[in-house]
Structure formats: C-alpha cells, structure tokens
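What's in final.pdb: PDB, C-alpha atoms
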```pdb
ATOM      1  CA  LEU A 119     -34.248   7.864 -12.482
ATOM      2  CA  ASP A 120     -35.052  11.211 -14.019
ATOM      3  CA  PHE A 121     -31.717  12.924 -14.624
ATOM      4  CA  ASN A 122     -33.545  16.228 -15.052
ATOM      5  CA  ASN A 123     -33.939  16.250 -11.268
ATOM      6  CA  TRP A 124     -30.220  15.890 -10.546
ATOM      7  CA  LYS A 125     -28.398  18.923  -9.185
ATOM      8  CA  ARG A 126     -24.747  19.329 -10.094
ATOM      9  CA  THR A 127     -22.325  20.931  -7.627
ATOM     10  CA  GLU A 128     -19.077  22.067  -9.241
ATOM     11  CA  SER A 129     -18.141  25.322  -7.565
ATOM     12  CA  GLY A 130     -16.212  26.340  -4.459
ATOM     13  CA  ASP A 131     -14.592  23.363  -2.740
ATOM     14  CA  PHE A 132     -16.444  21.023  -5.086
ATOM     15  CA  VAL A 133     -14.244  21.894  -8.027
ATOM     16  CA  ASN A 134     -11.995  19.247  -6.403
ATOM     17  CA  PRO A 135     -12.529  15.490  -6.766
ATOM     18  CA  VAL A 136     -14.885  13.929  -4.219
ATOM     19  CA  ASN A 137     -13.056  11.067  -2.488
ATOM     20  CA  GLY A 138     -16.034   9.496  -0.749
ATOM     21  CA  ILE A 139     -19.793   9.844  -0.469
ATOM     22  CA  ALA A 140     -22.369   8.107   1.761
ATOM     23  CA  VAL A 141     -25.860   8.610   3.160
ATOM     24  CA  PHE A 142     -26.212   8.450   6.948
ATOM     25  CA  ASN A 143     -29.060   9.513   9.224
ATOM     26  CA  ASN A 144     -31.014  10.840   6.218
ATOM     27  CA  SER A 145     -28.159  13.142   5.178
ATOM     28  CA  ALA A 146     -25.604  12.862   2.396
ATOM     29  CA  TYR A 147     -21.935  13.236   3.322
ATOM     30  CA  ALA A 148     -19.038  13.888   0.964
ATOM     31  CA  ALA A 149     -15.298  13.873   1.637
ATOM     32  CA  ILE A 150     -12.715  15.958  -0.252
ATOM     33  CA  ASN A 151      -9.016  15.374   0.308
ATOM     34  CA  GLY A 152      -7.194  18.224   1.989
ATOM     35  CA  ILE A 153     -10.429  20.069   2.763
ATOM     36  CA  GLY A 154     -12.759  17.968   4.900
ATOM     37  CA  ILE A 155     -16.208  16.398   5.143
ATOM     38  CA  PHE A 156     -19.408  18.094   4.000
ATOM     39  CA  ARG A 157     -23.033  17.363   4.905
ATOM     40  CA  TYR A 158     -25.828  18.191   2.483
ATOM     41  CA  GLY A 159     -28.801  20.060   3.935
ATOM     42  CA  ASN A 160     -31.363  22.558   2.633
ATOM     43  CA  GLY A 161     -29.806  22.392  -0.813
ATOM     44  CA  VAL A 162     -26.320  23.352   0.422
ATOM     45  CA  TRP A 163     -23.130  21.375   1.194
ATOM     46  CA  ASN A 164     -22.013  22.512   4.661
ATOM     47  CA  PRO A 165     -18.525  21.738   6.028
ATOM     48  CA  GLU A 166     -18.308  19.680   9.205
ATOM     49  CA  ASN A 167     -16.014  20.803  12.032
ATOM     50  CA  PHE A 168     -14.018  17.558  12.306
ATOM     51  CA  LEU A 169     -11.238  16.055  10.172
ATOM     52  CA  GLN A 170     -10.666  19.341   8.416
ATOM     53  CA  SER A 171      -7.753  19.265   5.923
ATOM     54  CA  ALA A 172      -7.562  15.455   6.225
ATOM     55  CA  ASN A 173      -7.206  12.948   3.399
ATOM     56  CA  PHE A 174      -9.797  10.206   3.032
ATOM     57  CA  ASN A 175      -9.754   6.548   2.058
ATOM     58  CA  PHE A 176     -13.514   5.936   2.128
ATOM     59  CA  LEU A 177     -16.913   6.822   3.583
ATOM     60  CA  THR A 178     -19.460   4.103   4.396
ATOM     61  CA  ALA A 179     -22.584   4.114   6.523
ATOM     62  CA  SER A 180     -24.337   1.699   8.856
ATOM     63  CA  SER A 181     -27.638   2.244  10.635
ATOM     64  CA  ASP A 182     -25.828   3.755  13.640
ATOM     65  CA  HIS A 183     -22.623   5.331  12.333
ATOM     66  CA  LEU A 184     -20.885   6.957   9.438
ATOM     67  CA  LEU A 185     -17.521   5.181   9.044
ATOM     68  CA  ILE A 186     -14.625   7.323   7.876
ATOM     69  CA  GLY A 187     -11.238   6.063   6.744
ATOM     70  CA  SER A 188      -8.735   8.903   6.972
ATOM     71  CA  GLY A 189      -5.069   8.140   6.384
ATOM     72  CA  SER A 190      -4.007   5.556   8.979
ATOM     73  CA  ASN A 191      -7.088   6.110  11.162
ATOM     74  CA  LEU A 192     -10.679   4.906  11.330
ATOM     75  CA  TRP A 193     -13.397   7.204  12.696
ATOM     76  CA  THR A 194     -17.071   6.773  13.516
ATOM     77  CA  LEU A 195     -19.674   9.533  13.472
ATOM     78  CA  ASN A 196     -22.904   8.996  15.426
ATOM     79  CA  ALA A 197     -26.336  10.479  14.829
ATOM     80  CA  SER A 198     -25.589  13.300  17.314
ATOM     81  CA  GLY A 199     -22.673  14.456  15.167
ATOM     82  CA  VAL A 200     -19.941  13.212  17.542
ATOM     83  CA  ALA A 201     -16.849  11.774  15.843
ATOM     84  CA  ASP A 202     -14.716   9.189  17.675
ATOM     85  CA  GLN A 203     -11.522   7.504  16.577
ATOM     86  CA  VAL A 204     -11.466   3.698  16.646
ATOM     87  CA  ILE A 205      -8.255   2.746  18.452
ATOM     88  CA  SER A 206      -6.442  -0.500  17.668
ATOM     89  CA  GLU A 207      -2.831  -1.385  16.930
ATOM     90  CA  ASN A 208      -4.175  -3.566  14.104
ATOM     91  CA  ILE A 209      -5.608  -0.565  12.270
ATOM     92  CA  THR A 210      -2.716   0.852  10.258
ATOM     93  CA  LEU A 211      -4.252   1.862   6.917
ATOM     94  CA  PRO A 212      -8.001   1.166   6.728
ATOM     95  CA  LEU A 213      -9.173   0.879   3.125
ATOM     96  CA  ALA A 214     -12.769  -0.247   3.749
ATOM     97  CA  ALA A 215     -15.096  -0.829   6.689
ATOM     98  CA  ILE A 216     -18.638  -1.911   7.500
ATOM     99  CA  GLN A 217     -20.600  -2.242  10.734
ATOM    100  CA  ASP A 218     -22.935  -5.221  11.089
ATOM    101  CA  GLU A 219     -26.306  -5.482  12.816
ATOM    102  CA  GLN A 220     -24.579  -6.269  16.129
ATOM    103  CA  ASN A 221     -22.526  -3.053  15.780
ATOM    104  CA  LYS A 222     -19.358  -5.065  15.205
ATOM    105  CA  LEU A 223     -16.828  -3.472  12.893
ATOM    106  CA  TRP A 224     -15.232  -5.294   9.970
ATOM    107  CA  VAL A 225     -12.245  -3.440   8.560
ATOM    108  CA  GLY A 226     -10.114  -4.108   5.504
ATOM    109  CA  ASP A 227      -6.624  -2.964   6.530
ATOM    110  CA  ASN A 228      -3.712  -2.630   4.139
ATOM    111  CA  GLN A 229      -1.294  -4.418   6.506
ATOM    112  CA  TYR A 230      -3.410  -6.757   8.639
ATOM    113  CA  GLY A 231      -6.072  -7.753   6.126
ATOM    114  CA  LEU A 232      -9.572  -8.341   7.466
ATOM    115  CA  ILE A 233      -9.868  -7.358  11.132
ATOM    116  CA  SER A 234     -12.877  -7.181  13.446
ATOM    117  CA  ASP A 235     -13.886  -6.518  17.036
ATOM    118  CA  LEU A 236     -16.312  -9.450  16.861
ATOM    119  CA  THR A 237     -14.814 -11.007  20.007
ATOM    120  CA  GLY A 238     -14.251  -7.712  21.813
ATOM    121  CA  ASN A 239     -10.726  -6.760  20.763
ATOM    122  CA  PHE A 240      -9.696  -6.263  17.156
ATOM    123  CA  VAL A 241      -8.091  -9.395  15.730
ATOM    124  CA  SER A 242      -6.980 -10.285  12.225
ATOM    125  CA  TYR A 243      -8.853 -12.921  10.235
ATOM    126  CA  ILE A 244      -6.275 -14.326   7.849
ATOM    127  CA  PRO A 245      -7.438 -16.955   5.333
ATOM    128  CA  ASN A 246      -5.406 -20.131   5.115
ATOM    129  CA  GLY A 247      -2.596 -19.836   2.593
ATOM    130  CA  PRO A 248       1.171 -20.056   2.076
ATOM    131  CA  THR A 249       3.446 -18.202   4.473
ATOM    132  CA  PHE A 250       4.899 -16.088   1.639
ATOM    133  CA  THR A 251       3.323 -14.065  -1.136
ATOM    134  CA  GLY A 252       5.544 -14.864  -4.107
ATOM    135  CA  ALA A 253       6.283 -18.514  -4.967
ATOM    136  CA  PHE A 254       9.429 -19.345  -6.922
ATOM    137  CA  ARG A 255       8.101 -22.795  -7.799
ATOM    138  CA  LEU A 256       4.923 -24.840  -7.370
ATOM    139  CA  LYS A 257       5.178 -28.621  -7.611
ATOM    140  CA  SER A 258       2.133 -30.917  -7.701
ATOM    141  CA  GLU A 259       2.631 -34.602  -6.890
ATOM    142  CA  ASN A 260       0.434 -37.381  -5.505
ATOM    143  CA  GLY A 261      -2.527 -35.058  -5.000
ATOM    144  CA  ASN A 262      -0.485 -32.539  -2.972
ATOM    145  CA  MET A 263       1.177 -29.268  -3.871
ATOM    146  CA  HIS A 264       4.445 -27.836  -2.576
ATOM    147  CA  ALA A 265       5.493 -24.192  -2.808
ATOM    148  CA  VAL A 266       9.002 -22.808  -2.337
ATOM    149  CA  ALA A 267      10.007 -19.158  -2.180
ATOM    150  CA  GLY A 268      13.265 -19.386  -4.128
ATOM    151  CA  GLY A 269      16.675 -18.096  -3.375
ATOM    152  CA  PHE A 270      18.576 -15.980  -5.919
ATOM    153  CA  ASP A 271      18.329 -12.632  -7.648
ATOM    154  CA  THR A 272      18.787 -11.752 -11.326
ATOM    155  CA  ALA A 273      22.553 -11.641 -10.824
ATOM    156  CA  GLY A 274      22.587 -15.195  -9.469
ATOM    157  CA  THR A 275      23.318 -14.116  -5.902
ATOM    158  CA  PRO A 276      21.785 -16.149  -3.031
ATOM    159  CA  LEU A 277      19.129 -14.189  -1.138
ATOM    160  CA  GLY A 278      19.456 -15.934   2.203
ATOM    161  CA  ASN A 279      15.704 -16.521   2.080
ATOM    162  CA  GLY A 280      14.578 -18.429   5.174
ATOM    163  CA  ASP A 281      10.954 -19.042   4.159
ATOM    164  CA  ASP A 282       9.486 -22.441   5.029
ATOM    165  CA  LEU A 283       8.527 -25.217   2.672
ATOM    166  CA  ASN A 284       4.756 -24.932   2.165
ATOM    167  CA  LEU A 285       2.509 -27.945   1.573
ATOM    168  CA  PHE A 286      -1.108 -27.904   0.354
ATOM    169  CA  GLU A 287      -2.795 -31.109   1.487
ATOM    170  CA  ASN A 288      -6.415 -32.089   2.218
ATOM    171  CA  GLY A 289      -7.686 -28.616   1.379
ATOM    172  CA  SER A 290      -5.335 -26.489   3.501
ATOM    173  CA  TRP A 291      -1.797 -25.111   3.577
ATOM    174  CA  GLN A 292       0.794 -25.930   6.216
ATOM    175  CA  ALA A 293       4.340 -24.660   6.724
ATOM    176  CA  ILE A 294       7.176 -27.173   7.169
ATOM    177  CA  SER A 295      10.160 -25.579   8.870
ATOM    178  CA  LYS A 296      13.559 -26.038   7.237
ATOM    179  CA  THR A 297      17.035 -25.119   8.464
ATOM    180  CA  LEU A 298      18.268 -24.601   4.905
ATOM    181  CA  THR A 299      17.744 -21.328   3.094
ATOM    182  CA  ASP A 300      16.901 -20.373  -0.498
ATOM    183  CA  LEU A 301      14.637 -23.348  -1.280
ATOM    184  CA  THR A 302      14.256 -23.784  -5.040
ATOM    185  CA  ASP A 303      12.640 -27.172  -5.687
ATOM    186  CA  VAL A 304      11.003 -30.172  -4.018
ATOM    187  CA  GLU A 305      10.452 -33.777  -5.024
ATOM    188  CA  GLU A 306       8.634 -36.658  -3.317
ATOM    189  CA  GLY A 307      10.405 -40.027  -3.323
ATOM    190  CA  LEU A 308       8.953 -43.496  -3.844
ATOM    191  CA  ASN A 309       9.282 -44.464  -0.165
ATOM    192  CA  GLY A 310       7.742 -41.401   1.454
ATOM    193  CA  GLU A 311      10.870 -39.254   1.371
ATOM    194  CA  THR A 312      10.850 -35.572   0.517
ATOM    195  CA  PHE A 313      13.849 -34.052  -1.236
ATOM    196  CA  VAL A 314      14.338 -30.283  -1.055
ATOM    197  CA  ALA A 315      16.833 -28.482  -3.297
ATOM    198  CA  THR A 316      18.359 -25.118  -2.440
ATOM    199  CA  PHE A 317      20.498 -22.489  -4.083
ATOM    200  CA  GLY A 318      23.820 -22.824  -2.337
ATOM    201  CA  SER A 319      22.958 -24.498   0.964
ATOM    202  CA  GLY A 320      22.716 -28.134  -0.057
ATOM    203  CA  LEU A 321      20.123 -30.825  -0.718
ATOM    204  CA  GLU A 322      17.909 -32.118   2.085
ATOM    205  CA  ARG A 323      16.312 -35.552   2.307
ATOM    206  CA  ALA A 324      13.586 -36.083   4.897
ATOM    207  CA  ASP A 325      12.422 -39.696   5.248
ATOM    208  CA  ALA A 326       8.915 -40.743   6.292
ATOM    209  CA  PRO A 327       9.704 -40.821  10.059
ATOM    210  CA  GLY A 328      11.196 -37.331   9.757
ATOM    211  CA  ASN A 329      14.914 -38.085   9.835
ATOM    212  CA  ILE A 330      16.933 -35.417   8.005
ATOM    213  CA  THR A 331      20.031 -35.899   5.867
ATOM    214  CA  ILE A 332      21.894 -32.978   4.247
ATOM    215  CA  PHE A 333      23.967 -33.596   1.147
TER     216      PHE A 333
END
```
How does the structure come out when it is put into structure tokens?
Amino acid sequence: LDFNNWKRTESGDFVNPVNGIAVFNNSAYAAINGIGIFRYGNGVWNPENFLQSANFNFLTASSDHLLIGSGSNLWTLNASGVADQVISENITLPLAAIQDEQNKLWVGDNQYGLISDLTGNFVSYIPNGPTFTGAFRLKSENGNMHAVAGGFDTAGTPLGNGDDLNLFENGSWQAISKTLTDLTDVEEGLNGETFVATFGSGLERADAPGNITIF
C-alpha cells in the first residue's frame, strides 16, 4: 500500500477516538462514542440519522447488513439505509457479531456467550465445561478429573457454596449433585467409592451403586 495516498481525518468530531469502522455496500462507516455513526462519501464523513449520541461496542459488515453493537443492543443496517434492532432476551451486551451466508446471526454476548438464530429463535451455544468458573481444587485420578468449587473465604468463614461436584470423563464434563456445601476435596477409593470433603458440612462417601453415607 502506498501511504502517500492515505487521507487523515482529525478535525471536527474526528478529534475523538473512533470506536468501530467497517465497509458495507461500498461505503466506509465509522462509529464515535457519544456522537454517532458516520458514512464516508465524496471525500467527506457524513453523520447518519440513527443511533446519535450512542456508545458503540463494534461495527462489522456482512454482504447484506452492517452490524452495530451499541450498549446492550444489536442493530442491523440494510443497503437502503434502514436500521432495525435485533430483539432477543439473550442479547444483553453484544461484544461481537457476524452474519453468515444464510443470513443467520452469530453474536458474542457478555452474559450468554455465543448465541445464534440458526434454528429460528436465538439460543445460547455453551461449550461443555464445569458448572462453575473458578475451581478451588482439581484432582486427577484413574484417567478422570474432579473439580470442586471450594468453601471458605480468607477469614476462614464457610461460604455456603452449593456448587456441584464436577467430573471430567471420556472427553466431557458432567455435574454430580451433592447435598453438602463448600466442597473442598475429592478422592476415589479402591472399591469404586468416591469420598468428598467439605469445609464444615461433613465428609461424604458414595459407593459404586450410589449409596451415600455422611460422616
């Protein structure tokens, strides 16, 4: 690329940081927080008449739409210049989005992860994993891995944490429900038993048939 042919815009509204830029329908679009969206034409950045004064998470483009993440909302702009909000209870804070060749939307949402309208309604596609985000302890035995969420704070106070015992086996995670809280450790016995330690609510032994004993 010949940088001598680049034109720099750094006056007017463009003294502010540009929060998103994309090319759609042979036009460049730029988003500036608190001001709005601009379209480049005839050597000039012209403000659009929608989403004025909004804040922006991203701009991306497909063949049919400009996708706009603004705060907690997702918008699409078509080639006729009509902006429509994408409505779904699963869209809470869109951080990225693309539209595939079948015009299906794939959205990265801060709360619900990857969501899509592939099947008609927006649903969340959650990869297999533990049921909690922060493991207190991981224990690997006999080709399996257990994860427990723990149960006390820095002052040694029980948290009342009711998270399940999580087991990674044969390539996937599964949650094993427990009545005890604040799970801190796990050990597999020689005869198929599983022992689960807690912080303050006892020790559980589960034998191979699933019978439970609390000590």
Using only C-alpha atoms, give me every residue within 10 Å of (-25.7, 15.1, 2.9) in file coordinates, as a PyMOL selection string.
-> chain A and resi 139-148+155-164
Hey, what comes out of the PyMOL selection byres ((chain A and resi 222-230) around 7) on this file? Could you write it as an MDAnalysis selection string?
-> chainID A and resid 208:218 220:221 231:236 242
Close residues, Val136 in chain A itself excluded, 10 Å, only C-alpha atoms, min 3 positions apart in chain, as a PyMOL selection string = chain A and resi 131-133+139+148-151+155+174
CA of Asn173 in chain A sits from CA of Glu219 in chain A at a separation of 28.2 Å
Point out the residue among A:Thr302, A:Thr237, A:Thr194, A:Thr251 with the least atom-to-atom distance to Ser319 in chain A, counting only C-alpha atoms.
->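 Looking at the shortest contact to Ser319 in chain A, the residue is A:Thr302.
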Got a sec: who's within 8 Å of range 253-260 of chain A, counting all atoms listed in the file, leaving out chain neighbours fewer than 6 positions off, as a VMD selection string?
-> chain A and resid 266 to 268 302 to 306
Could you write out as a list in words the residues that the PyMOL selection byres ((chain A and resi 272-284) around 8) matches in the shown file?
->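 Matching residues under the PyMOL selection byres ((chain A and resi 272-284) around 8) are Pro248, Thr249, Phe250, His264, Ala265, Val266, Ala267, Gly268, Gly269, Phe270, Asp271, Leu285, Phe286, Trp291, Gln292, Ala293, Ile294, Ser295, Lys296, Thr297, Leu298, Thr299, Asp300, Leu301, Phe317 and Gly318 of chain A.
Proximity of A:Trp124, A:Leu184, A:Ala179, A:Phe333 to Gly320 in chain A, computed with all atoms listed in the file, is greatest for A:Phe333.
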Just give me the gap between CA of Ala315 in chain A and CA of Gly247 in chain A in Å, one decimal is fine.
->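 Those two atoms sit 22.1 Å apart.
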Which is closer to Phe313 in chain A than all the others in A:Pro327, A:Asn246, A:Gln170, A:Ile332, using all atoms listed in the file?
->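 That would be A:Ile332, the residue with the smallest distance to Phe313 in chain A.
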The PyMOL selection byres ((chain A and resi 205) around 9) on the file shown: which residues, as number ranges by chain?
-> A: 191-193, 203-204, 206-209
Quick one: axis-aligned box around all listed atoms of range 190-205 of chain A, 4 Å on every side, centre and edge lengths in Å to one decimal, written as AutoDock Vina command-line options.
```
--center_x -15.2 --center_y 8.6 --center_z 13.7 --size_x 30.3 --size_y 19.7 --size_z 17.5
```
Using CA of Glu166 in chain A and CA of Asn123 in chain A as the two end points, give the distance in Å to one decimal.
->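 Taking CA of Glu166 in chain A as the start and CA of Asn123 in chain A as the end point, the length is 26.0 Å.
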Residue among A:Gly154, A:Pro165, A:Pro135, A:Gly328 lying closest to Ser188 in chain A, counting only C-alpha atoms =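 Residue with the minimum atom-to-atom distance to Ser188 in chain A: A:Gly154.
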Restricting the calculation to all atoms listed in the file, which member of A:Asn175, A:Ser180, A:Asn167, A:Asn122 is positioned closest to Gly138 in chain A?
-> A:Asn175
